[in-house]
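Undergrad: TSV, C-alpha atoms, saved as protein-v4.tsv, coming up:
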```
chain	number	residue	atom	x	y	z
H	37	MET	CA	3.86	26.62	2.70
H	38	ASN	CA	1.66	24.47	0.50
H	39	PRO	CA	1.08	21.07	2.11
H	40	GLY	CA	0.57	19.57	-1.31
H	41	SER	CA	4.05	20.59	-2.39
H	42	GLN	CA	5.46	17.27	-1.32
H	43	GLU	CA	3.47	15.37	-3.93
H	44	ALA	CA	4.20	18.02	-6.55
H	45	ARG	CA	7.93	17.60	-6.16
H	46	SER	CA	7.83	13.83	-5.81
H	47	GLY	CA	10.08	11.70	-7.95
H	48	VAL	CA	7.23	9.19	-8.42
H	49	PRO	CA	6.12	9.22	-12.08
H	50	ARG	CA	2.80	10.99	-12.56
H	51	LEU	CA	0.11	11.01	-15.24
H	52	GLY	CA	-0.31	14.03	-17.52
H	53	ARG	CA	-3.03	16.60	-16.85
H	54	VAL	CA	-6.62	15.92	-17.90
H	55	GLY	CA	-6.89	15.49	-21.65
H	56	THR	CA	-3.12	15.53	-22.20
H	57	PRO	CA	-1.79	12.05	-21.47
H	58	ARG	CA	1.89	11.63	-22.19
H	59	ARG	CA	2.01	8.69	-24.54
H	60	ASP	CA	5.17	9.09	-26.61
H	61	PRO	CA	5.84	5.45	-27.59
H	62	GLY	CA	9.56	6.13	-27.74
H	63	SER	CA	9.77	7.50	-24.21
H	64	ARG	CA	10.17	5.68	-20.93
H	65	ALA	CA	7.13	4.37	-19.17
H	66	HIS	CA	6.00	7.19	-16.88
H	67	LEU	CA	3.85	4.83	-14.85
H	68	ARG	CA	6.00	2.55	-12.76
H	69	GLY	CA	5.34	-1.19	-12.60
H	70	PRO	CA	5.61	-2.54	-9.03
H	71	PHE	CA	7.14	-5.91	-8.23
H	72	CYS	CA	4.88	-8.82	-9.06
H	73	ASP	CA	3.94	-11.67	-6.73
H	74	PHE	CA	1.97	-14.45	-8.37
H	75	SER	CA	2.58	-17.22	-5.85
H	76	GLY	CA	0.08	-19.06	-3.70
H	77	SER	CA	-3.23	-18.43	-5.52
H	78	ALA	CA	-5.41	-20.92	-7.36
H	79	ALA	CA	-6.84	-18.09	-9.44
H	80	SER	CA	-3.36	-17.06	-10.58
H	81	ALA	CA	-2.29	-20.42	-12.02
H	82	GLN	CA	-1.92	-18.94	-15.49
H	83	ALA	CA	0.08	-15.98	-14.22
H	84	GLU	CA	2.57	-18.19	-12.39
H	85	ALA	CA	3.84	-19.50	-15.70
H	86	GLY	CA	4.56	-16.01	-17.06
H	87	LEU	CA	6.90	-13.15	-16.23
H	88	SER	CA	6.91	-12.19	-12.59
H	89	LEU	CA	9.23	-9.19	-12.60
H	90	ALA	CA	8.14	-5.55	-12.86
H	91	GLN	CA	8.76	-3.31	-15.84
H	92	PRO	CA	11.44	-0.94	-14.45
H	93	LEU	CA	11.40	2.74	-15.37
H	94	SER	CA	14.85	2.62	-16.87
H	95	SER	CA	13.92	-0.11	-19.35
H	96	PRO	CA	12.28	0.48	-22.75
H	97	ARG	CA	8.72	-0.71	-23.21
H	98	PRO	CA	8.64	-4.34	-24.34
H	99	ARG	CA	7.82	-4.96	-27.98
H	100	PRO	CA	5.27	-7.68	-28.72
H	101	HIS	CA	6.70	-10.99	-29.79
H	102	PRO	CA	6.14	-11.56	-33.53
H	103	ALA	CA	3.93	-14.55	-32.74
H	104	ALA	CA	2.05	-12.90	-29.89
H	105	GLY	CA	-1.70	-13.43	-30.15
H	106	THR	CA	-1.48	-15.82	-33.10
H	107	GLY	CA	-1.65	-18.99	-31.04
H	108	LEU	CA	-0.55	-22.45	-32.14
H	109	LEU	CA	-2.01	-23.45	-35.50
H	110	LEU	CA	-3.16	-27.05	-35.58
H	111	SER	CA	-3.73	-29.28	-38.54
H	112	GLY	CA	-7.48	-28.63	-38.37
H	113	GLY	CA	-6.97	-24.87	-38.69
H	114	GLY	CA	-7.84	-24.19	-35.00
H	115	SER	CA	-5.97	-21.85	-32.72
H	116	MET	CA	-6.04	-23.16	-29.16
H	117	ALA	CA	-3.99	-20.37	-27.53
H	118	ALA	CA	-5.86	-17.56	-29.27
H	119	GLY	CA	-9.23	-19.11	-28.46
H	120	ALA	CA	-8.35	-19.53	-24.79
H	121	ALA	CA	-7.09	-15.95	-24.58
H	122	GLU	CA	-10.23	-14.55	-26.21
H	123	ALA	CA	-12.46	-16.54	-23.83
H	124	ALA	CA	-10.54	-15.28	-20.79
H	125	VAL	CA	-10.60	-11.63	-21.86
H	126	ALA	CA	-14.32	-11.80	-22.68
H	127	ALA	CA	-15.12	-12.12	-18.97
H	128	VAL	CA	-13.50	-8.72	-18.25
H	129	GLU	CA	-15.23	-5.59	-19.54
H	130	GLU	CA	-13.15	-2.71	-20.94
H	131	VAL	CA	-13.81	0.99	-20.32
H	132	GLY	CA	-12.56	3.60	-22.79
H	133	SER	CA	-13.83	6.95	-21.48
H	134	ALA	CA	-14.61	8.84	-18.27
H	135	GLY	CA	-18.31	8.98	-19.20
H	136	GLN	CA	-18.45	5.23	-19.71
H	137	PHE	CA	-16.72	4.72	-16.37
H	138	GLU	CA	-19.21	6.93	-14.47
H	139	GLU	CA	-22.14	5.16	-16.15
H	140	LEU	CA	-20.67	1.79	-15.18
H	141	LEU	CA	-20.37	2.92	-11.55
H	142	ARG	CA	-24.06	3.80	-11.61
H	143	LEU	CA	-25.19	0.57	-13.28
H	144	LYS	CA	-23.07	-1.68	-11.02
H	145	ALA	CA	-23.89	0.21	-7.80
H	146	LYS	CA	-25.58	-2.79	-6.19
H	147	SER	CA	-22.69	-5.18	-6.74
H	148	LEU	CA	-18.93	-5.27	-6.19
H	149	LEU	CA	-17.02	-3.61	-9.03
H	150	VAL	CA	-13.26	-4.28	-9.45
H	151	VAL	CA	-11.39	-1.91	-11.77
H	152	HIS	CA	-7.90	-2.71	-13.08
H	153	PHE	CA	-5.88	0.36	-14.12
H	154	TRP	CA	-3.39	-1.08	-16.57
H	155	ALA	CA	-0.93	-0.23	-19.37
H	156	PRO	CA	-0.33	-2.30	-22.51
H	157	TRP	CA	3.46	-1.94	-22.21
H	158	ALA	CA	3.58	-3.61	-18.76
H	159	PRO	CA	3.59	-7.44	-19.06
H	160	GLN	CA	2.47	-7.91	-15.45
H	161	CYS	CA	-0.76	-6.05	-16.31
H	162	ALA	CA	-1.59	-8.61	-19.00
H	163	GLN	CA	-0.99	-11.38	-16.49
H	164	MET	CA	-3.25	-9.75	-13.92
H	165	ASN	CA	-5.99	-9.43	-16.58
H	166	GLU	CA	-5.83	-13.21	-16.88
H	167	VAL	CA	-6.09	-13.54	-13.10
H	168	MET	CA	-9.18	-11.29	-13.17
H	169	ALA	CA	-10.70	-13.41	-15.92
H	170	GLU	CA	-10.28	-16.51	-13.75
H	171	LEU	CA	-11.84	-14.72	-10.79
H	172	ALA	CA	-14.74	-13.63	-13.01
H	173	LYS	CA	-15.48	-17.28	-13.78
H	174	GLU	CA	-15.41	-18.21	-10.09
H	175	LEU	CA	-17.40	-15.14	-8.92
H	176	PRO	CA	-20.03	-14.26	-11.55
H	177	GLN	CA	-21.75	-11.86	-9.12
H	178	VAL	CA	-18.67	-9.57	-9.21
H	179	SER	CA	-18.06	-7.18	-12.12
H	180	PHE	CA	-14.50	-6.92	-13.40
H	181	VAL	CA	-13.35	-4.01	-15.56
H	182	LYS	CA	-10.05	-2.93	-17.05
H	183	LEU	CA	-9.22	0.70	-17.82
H	184	GLU	CA	-6.06	1.85	-19.62
H	185	ALA	CA	-4.55	4.33	-17.15
H	186	GLU	CA	-2.92	6.58	-19.77
H	187	GLY	CA	-5.89	6.34	-22.13
H	188	VAL	CA	-8.38	7.81	-19.63
H	189	PRO	CA	-6.28	10.34	-17.65
H	190	GLU	CA	-9.30	12.07	-16.08
H	191	VAL	CA	-10.22	8.94	-14.14
H	192	SER	CA	-6.59	8.04	-13.33
H	193	GLU	CA	-5.87	11.47	-11.88
H	194	LYS	CA	-9.13	11.54	-9.92
H	195	TYR	CA	-8.19	8.33	-8.11
H	196	GLU	CA	-4.44	9.13	-7.79
H	197	ILE	CA	-3.23	6.32	-10.04
H	198	SER	CA	0.55	6.68	-10.32
H	199	SER	CA	1.60	3.08	-11.00
H	200	VAL	CA	0.37	0.01	-12.82
H	201	PRO	CA	-1.16	-2.36	-12.14
H	202	THR	CA	-3.51	-0.75	-9.59
H	203	PHE	CA	-6.92	-2.15	-8.57
H	204	LEU	CA	-9.81	-0.16	-7.11
H	205	PHE	CA	-12.86	-1.73	-5.46
H	206	PHE	CA	-16.28	-0.05	-5.57
H	207	LYS	CA	-19.63	-0.60	-3.83
H	208	ASN	CA	-22.63	1.70	-4.03
H	209	SER	CA	-20.57	3.81	-6.50
H	210	GLN	CA	-18.08	4.51	-3.69
H	211	LYS	CA	-14.45	3.39	-3.55
H	212	ILE	CA	-13.98	1.02	-0.60
H	213	ASP	CA	-10.52	-0.47	-1.14
H	214	ARG	CA	-7.37	-0.33	-3.23
H	215	LEU	CA	-4.49	-2.64	-4.19
H	216	ASP	CA	-1.24	-1.36	-5.68
H	217	GLY	CA	0.92	-3.87	-7.55
H	218	ALA	CA	0.62	-7.24	-9.24
H	219	HIS	CA	-0.14	-9.39	-6.20
H	220	ALA	CA	-2.50	-12.14	-7.36
H	221	PRO	CA	-3.01	-13.80	-3.94
H	222	GLU	CA	-3.87	-10.46	-2.32
H	223	LEU	CA	-6.22	-9.54	-5.19
H	224	THR	CA	-8.02	-12.87	-4.80
H	225	LYS	CA	-8.29	-12.39	-1.05
H	226	LYS	CA	-9.70	-8.85	-1.33
H	227	VAL	CA	-12.21	-9.79	-4.04
H	228	GLN	CA	-13.50	-12.77	-2.05
H	229	ARG	CA	-13.74	-10.73	1.17
H	230	HIS	CA	-15.65	-7.83	-0.39
H	231	ALA	CA	-17.86	-10.14	-2.44
H	232	SER	CA	-18.96	-11.99	0.69
H	233	SER	CA	-19.59	-8.86	2.78
H	234	GLY	CA	-22.87	-6.96	2.66
H	235	SER	CA	-23.35	-3.73	0.76
H	236	PHE	CA	-22.77	-0.43	2.51
H	237	LEU	CA	-26.12	1.25	2.99
H	238	PRO	CA	-26.23	5.05	2.56
H	239	SER	CA	-28.04	5.35	5.91
H	240	ALA	CA	-25.04	3.81	7.62
H	241	ASN	CA	-22.52	6.33	6.27
H	242	GLU	CA	-22.47	8.51	9.37
H	243	HIS	CA	-22.04	5.47	11.62
H	244	LEU	CA	-19.16	4.22	9.47
H	245	LYS	CA	-17.53	7.64	9.52
H	246	GLU	CA	-17.79	7.74	13.31
H	247	ASP	CA	-16.23	4.28	13.60
H	248	LEU	CA	-13.40	5.32	11.26
H	249	ASN	CA	-12.67	8.45	13.29
H	250	LEU	CA	-12.44	6.37	16.47
H	251	ARG	CA	-10.06	4.00	14.73
H	252	LEU	CA	-7.91	6.87	13.43
H	253	LYS	CA	-7.77	8.38	16.92
H	254	LYS	CA	-6.53	5.07	18.31
H	255	LEU	CA	-3.94	4.77	15.55
H	256	THR	CA	-2.57	8.29	16.04
H	257	HIS	CA	-2.28	7.53	19.78
H	258	ALA	CA	-0.81	4.03	19.26
H	259	ALA	CA	2.67	5.30	20.24
H	260	PRO	CA	4.07	8.57	21.63
H	261	CYS	CA	5.40	9.29	18.12
H	262	MET	CA	3.54	7.84	15.11
H	263	LEU	CA	4.62	8.13	11.47
H	264	PHE	CA	2.06	7.45	8.74
H	265	MET	CA	4.09	6.75	5.64
H	266	LYS	CA	4.21	4.99	2.29
H	267	GLY	CA	5.87	1.68	3.00
H	268	THR	CA	7.84	0.80	6.13
H	269	PRO	CA	10.97	2.32	7.76
H	270	GLN	CA	12.91	-0.66	6.37
H	271	GLU	CA	11.43	-0.29	2.86
H	272	PRO	CA	10.01	3.21	2.20
H	273	ARG	CA	7.96	3.40	-1.00
H	274	CYS	CA	8.39	7.10	-1.76
H	275	GLY	CA	11.21	9.64	-1.52
H	276	PHE	CA	9.46	11.82	1.07
H	277	SER	CA	8.82	8.91	3.42
H	278	LYS	CA	12.45	7.82	3.05
H	279	GLN	CA	13.71	11.31	3.93
H	280	MET	CA	11.39	11.48	6.95
H	281	VAL	CA	12.69	8.16	8.31
H	282	GLU	CA	16.30	9.28	7.80
H	283	ILE	CA	15.70	12.50	9.76
H	284	LEU	CA	14.01	10.66	12.65
H	285	HIS	CA	16.83	8.10	12.82
H	286	LYS	CA	19.46	10.85	12.61
H	287	HIS	CA	17.98	12.52	15.71
H	288	ASN	CA	17.56	9.19	17.56
H	289	ILE	CA	13.78	9.71	17.76
H	290	GLN	CA	11.73	6.75	18.93
H	291	PHE	CA	8.70	6.20	16.71
H	292	SER	CA	6.26	3.62	15.42
H	293	SER	CA	4.90	3.63	11.88
H	294	PHE	CA	1.84	2.70	9.82
H	295	ASP	CA	2.00	1.79	6.13
H	296	ILE	CA	-0.89	3.64	4.47
H	297	PHE	CA	-0.68	1.30	1.46
H	298	SER	CA	-1.82	-1.52	3.76
H	299	ASP	CA	-5.24	0.06	4.42
H	300	GLU	CA	-7.03	2.24	1.87
H	301	GLU	CA	-9.67	3.32	4.40
H	302	VAL	CA	-6.99	4.74	6.70
H	303	ARG	CA	-5.10	6.26	3.76
H	304	GLN	CA	-8.07	8.32	2.63
H	305	GLY	CA	-9.69	8.86	6.04
H	306	LEU	CA	-6.59	10.30	7.71
H	307	LYS	CA	-6.41	13.08	5.11
H	308	ALA	CA	-9.79	14.39	6.26
H	309	TYR	CA	-9.17	13.59	9.93
H	310	SER	CA	-5.97	15.65	10.01
H	311	ASN	CA	-6.92	18.12	7.26
H	312	TRP	CA	-3.56	17.32	5.68
H	313	PRO	CA	-3.68	15.98	2.08
H	314	THR	CA	-0.26	14.36	1.66
H	315	TYR	CA	2.02	11.75	3.22
H	316	PRO	CA	4.11	11.20	5.28
H	317	GLN	CA	2.40	12.60	8.40
H	318	LEU	CA	4.06	12.70	11.83
H	319	TYR	CA	2.05	12.68	15.07
H	320	VAL	CA	3.26	13.23	18.64
H	321	SER	CA	0.88	12.32	21.48
H	322	GLY	CA	-1.93	12.05	18.91
H	323	GLU	CA	-1.38	15.58	17.56
H	324	LEU	CA	-0.32	16.21	13.96
H	325	ILE	CA	3.12	17.83	13.74
H	326	GLY	CA	3.17	17.95	9.94
H	327	GLY	CA	4.73	16.54	6.82
H	328	LEU	CA	8.31	16.46	5.56
H	329	ASP	CA	8.60	20.22	4.94
H	330	ILE	CA	7.60	21.09	8.51
H	331	ILE	CA	9.88	18.42	9.99
H	332	LYS	CA	12.76	19.89	7.99
H	333	GLU	CA	11.92	23.36	9.34
H	334	LEU	CA	11.81	22.02	12.91
H	335	GLU	CA	15.16	20.32	12.35
H	336	ALA	CA	16.70	23.52	11.04
H	337	SER	CA	15.42	25.52	14.03
H	338	GLU	CA	16.59	22.78	16.44
H	339	GLU	CA	13.04	22.38	17.77
H	340	LEU	CA	12.62	18.79	16.57
H	341	ASP	CA	14.60	17.34	19.48
H	342	THR	CA	12.37	19.12	22.00
H	343	ILE	CA	9.10	17.97	20.38
H	344	CYS	CA	9.70	14.30	19.59
H	345	PRO	CA	10.50	11.59	22.17
H	346	LYS	CA	14.05	10.30	22.10
H	347	ALA	CA	14.96	6.64	22.01
H	348	PRO	CA	16.72	5.75	25.28
H	349	LYS	CA	20.48	5.38	25.04
H	350	LEU	CA	21.95	1.91	25.47
H	351	GLU	CA	23.49	2.81	28.84
H	352	GLU	CA	20.10	3.94	30.13
H	353	ARG	CA	18.37	0.79	28.88
H	354	LEU	CA	20.98	-1.46	30.50
H	355	LYS	CA	20.66	0.42	33.79
H	356	VAL	CA	16.88	-0.06	33.78
H	357	LEU	CA	17.20	-3.73	32.90
H	358	THR	CA	19.84	-4.56	35.53
H	359	ASN	CA	17.71	-2.89	38.23
H	360	LYS	CA	14.44	-4.50	37.15
H	361	ALA	CA	14.59	-7.06	39.99
H	362	SER	CA	16.75	-7.85	43.00
H	363	VAL	CA	18.24	-10.80	41.07
H	364	MET	CA	18.45	-10.50	37.27
H	365	LEU	CA	19.69	-13.32	35.04
H	366	PHE	CA	20.69	-12.53	31.46
H	367	MET	CA	20.66	-15.87	29.72
H	368	LYS	CA	20.23	-17.71	26.46
H	369	GLY	CA	16.56	-18.67	26.34
H	370	ASN	CA	14.09	-18.30	29.21
H	371	LYS	CA	13.18	-19.91	32.52
H	372	GLN	CA	11.03	-22.51	30.83
H	373	GLU	CA	13.52	-23.37	28.07
H	374	ALA	CA	17.22	-22.64	28.42
H	375	LYS	CA	19.05	-22.51	25.07
H	376	CYS	CA	22.52	-23.49	26.31
H	377	GLY	CA	24.02	-25.79	28.96
H	378	PHE	CA	25.53	-22.99	31.06
H	379	SER	CA	22.23	-21.12	31.27
H	380	LYS	CA	20.49	-24.36	32.23
H	381	GLN	CA	23.00	-25.04	35.03
H	382	ILE	CA	22.64	-21.52	36.46
H	383	LEU	CA	18.85	-21.90	36.42
H	384	GLU	CA	19.10	-25.19	38.30
H	385	ILE	CA	21.37	-23.61	40.94
H	386	LEU	CA	19.04	-20.60	41.39
H	387	ASN	CA	15.99	-22.84	41.62
H	388	SER	CA	17.67	-25.05	44.19
H	389	THR	CA	18.45	-22.05	46.40
H	390	GLY	CA	14.89	-20.73	46.15
H	391	ASN	CA	15.65	-17.73	43.90
```
What does this structure look like when you write it as structure tokens?

TA:
Amino acid sequence: MNPGSQEARSGVPRLGRVGTPRRDPGSRAHLRGPFCDFSGSAASAQAEAGLSLAQPLSSPRPRPHPAAGTGLLLSGGGSMAAGAAEAAVAAVEEVGSAGQFEELLRLKAKSLLVVHFWAPWAPQCAQMNEVMAELAKELPQVSFVKLEAEGVPEVSEKYEISSVPTFLFFKNSQKIDRLDGAHAPELTKKVQRHASSGSFLPSANEHLKEDLNLRLKKLTHAAPCMLFMKGTPQEPRCGFSKQMVEILHKHNIQFSSFDIFSDEEVRQGLKAYSNWPTYPQLYVSGELIGGLDIIKELEASEELDTICPKAPKLEERLKVLTNKASVMLFMKGNKQEAKCGFSKQILEILNSTGN
């Protein structure tokens, strides 16, 4: 069984192979556009006025408005909108080839480099470019770059870019963080945090790796059964993670989960830690059980129920709760603050009798 087969069969749209980007203008967008969130950020003031919904896969690519980019012509012949747009874009450098990208990584090694993987057909990408331009004005020590994901497939495939917009953060020519989706407040927060932190020194790499391994060990032992997945059990963000959650719920397995999209360091580090390149990953007592294919095999052989801890049945939980103390009161609220009159009266009676 090939552990990478999960990704290969995924329904998530992928880029074409190196040198063969799929760019048929009449076809659907094969990079998905995640939901946009432009609220709550000073740097995203311009974006708040624009579109905030994603470009769904089932919709055709938007055609430019006939007046797009022309601006508002004034009596003096000026173009305020076009001039403002040109000034904003000027603060963000554009990369057009893999060689140029590698050279930029080398030249900007001593500073924070933020790369926006974008697509011209996704309106939220244009909005996030404006957000980056605003951030560039506020943080001149940070380098901001945009790279058309389908135009430079070698770089997109290397860094597993499967949706737009996606942002990668680099220091010392090494990727240190990632943000998927058009979330202006989160982008602002990450840029400010990484810009204010010190550079990672090469001599500290081993120490950082050791710290990461300790953290991963704690995470894999955080619960008797731990699922590392894309998204959450309530909102899975890939088909494989969704299937995994459904199987665990079907067998009444008690588990906790970790969203790998919430921490890029964990997302990449766990692959090496477990020697397993894809997600989801299921751990029991800190030991890797496997991905979706193995869980399906265990389910088919009826071994899954013997390996994973079961969630206690309601009758068992109630029995434990009712025997927790010699006198147990099930009430609305708590001892300090009763939430209904009857509960309050019972508390007063118990307190008066010394219970």

Undergrad: So, with only C-alpha atoms as the atoms that count, which of H:Leu215, H:Met367, H:Cys274, H:Leu284 lies closest to Glu301 of chain H?

TA: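 Smallest distance to Glu301 of chain H is found for H:Leu215.
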
Undergrad: Taking into account only C-alpha atoms, which residue in the set H:Ile283, H:Val178, H:Val227, H:Leu324 is nearest to Lys253 of chain H?

TA: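 Using only C-alpha atoms, Lys253 of chain H sits closest to H:Leu324.
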
Undergrad: So that I can see what lies close to segment 182-184 of chain H, please list as a list of chain:residue names the residues with an atom at most 8 Å from it, counting all atoms listed in the file and leaving out residues fewer than 4 positions away in the same chain.

TA: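 So, after excluding close chain neighbours, the residues are H:Val128, H:Glu129, H:Glu130, H:Val131, H:Gly132, H:Val151, H:His152, H:Phe153, H:Trp154, H:Ala155, H:Pro156, H:Asn165, H:Val188.
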
Undergrad: Quick one: write out the picked residues with C-alpha atoms as a PDB file, in the frame of the given file?

TA:
```
ATOM      1  CA  VAL H 128     -13.500  -8.720 -18.250  1.00  0.00           C
ATOM      2  CA  GLU H 129     -15.230  -5.590 -19.540  1.00  0.00           C
ATOM      3  CA  GLU H 130     -13.150  -2.710 -20.940  1.00  0.00           C
ATOM      4  CA  VAL H 131     -13.810   0.990 -20.320  1.00  0.00           C
ATOM      5  CA  GLY H 132     -12.560   3.600 -22.790  1.00  0.00           C
ATOM      6  CA  VAL H 151     -11.390  -1.910 -11.770  1.00  0.00           C
ATOM      7  CA  HIS H 152      -7.900  -2.710 -13.080  1.00  0.00           C
ATOM      8  CA  PHE H 153      -5.880   0.360 -14.120  1.00  0.00           C
ATOM      9  CA  TRP H 154      -3.390  -1.080 -16.570  1.00  0.00           C
ATOM     10  CA  ALA H 155      -0.930  -0.230 -19.370  1.00  0.00           C
ATOM     11  CA  PRO H 156      -0.330  -2.300 -22.510  1.00  0.00           C
ATOM     12  CA  ASN H 165      -5.990  -9.430 -16.580  1.00  0.00           C
ATOM     13  CA  VAL H 188      -8.380   7.810 -19.630  1.00  0.00           C
TER      14      VAL H 188
END
```

Undergrad: One decimal, Å: what's the distance from atom CA of Ala231 of chain H over to atom CA of Gln210 of chain H, could you say?

TA: 14.7 Å

Undergrad: How far is it from atom CA of Gly267 of chain H to atom CA of Asp295 of chain H, in Å with one decimal?

TA: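 Separating atom CA of Gly267 of chain H from atom CA of Asp295 of chain H is a distance of 5.0 Å.
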
Undergrad: Hey, can you check how far atom CA of Asp247 of chain H sits from atom CA of Cys261 of chain H?

TA: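 Answer for the atom CA of Asp247 of chain H to atom CA of Cys261 of chain H separation: 22.7 Å.
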
Undergrad: For each of H:Thr342, H:Ser209, H:Asn370, H:Ser362, take the minimum atom-to-atom distance to His287 of chain H, counting all atoms listed in the file, then give the residue where this is smallest.

TA: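 Residue with the minimum atom-to-atom distance to His287 of chain H: H:Thr342.
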
Undergrad: Show me the residues around (5.4, 17.1, 24.3) - criterion: an atom at most 10 Å away, only C-alpha atoms counted - as a list in words.

TA: Pro260, Cys261, Val320, Ser321, Glu323, Thr342, Ile343, Cys344 and Pro345 of chain H

Undergrad: Residues proximal to (16.1, 7.9, 14.1) were defined as those with any atom within 12 Å of that point in the file's coordinates, counting all atoms listed in the file. Which are they, as a PyMOL selection string?

TA: chain H and resi 261+263+269-270+278-292+340-341+344-348

Undergrad: Counting only C-alpha atoms, figure out which residue out of H:Ile382, H:Val302, H:Lys355, H:Ser293 gets nearest to Lys368 of chain H.

TA: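 Between H:Ile382, H:Val302, H:Lys355, H:Ser293, the residue approaching Lys368 of chain H most closely is H:Ile382.
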
Undergrad: Compile the contact shell of Lys144 of chain H as a list of chain:residue names: residues with an atom at most 9 Å away, counting all atoms listed in the file, same-chain residues fewer than 4 positions apart removed.

TA: H:Glu139, H:Leu140, H:Leu148, H:Leu149, H:Ser179, H:Phe206, H:Lys207, H:Asn208, H:Ser209
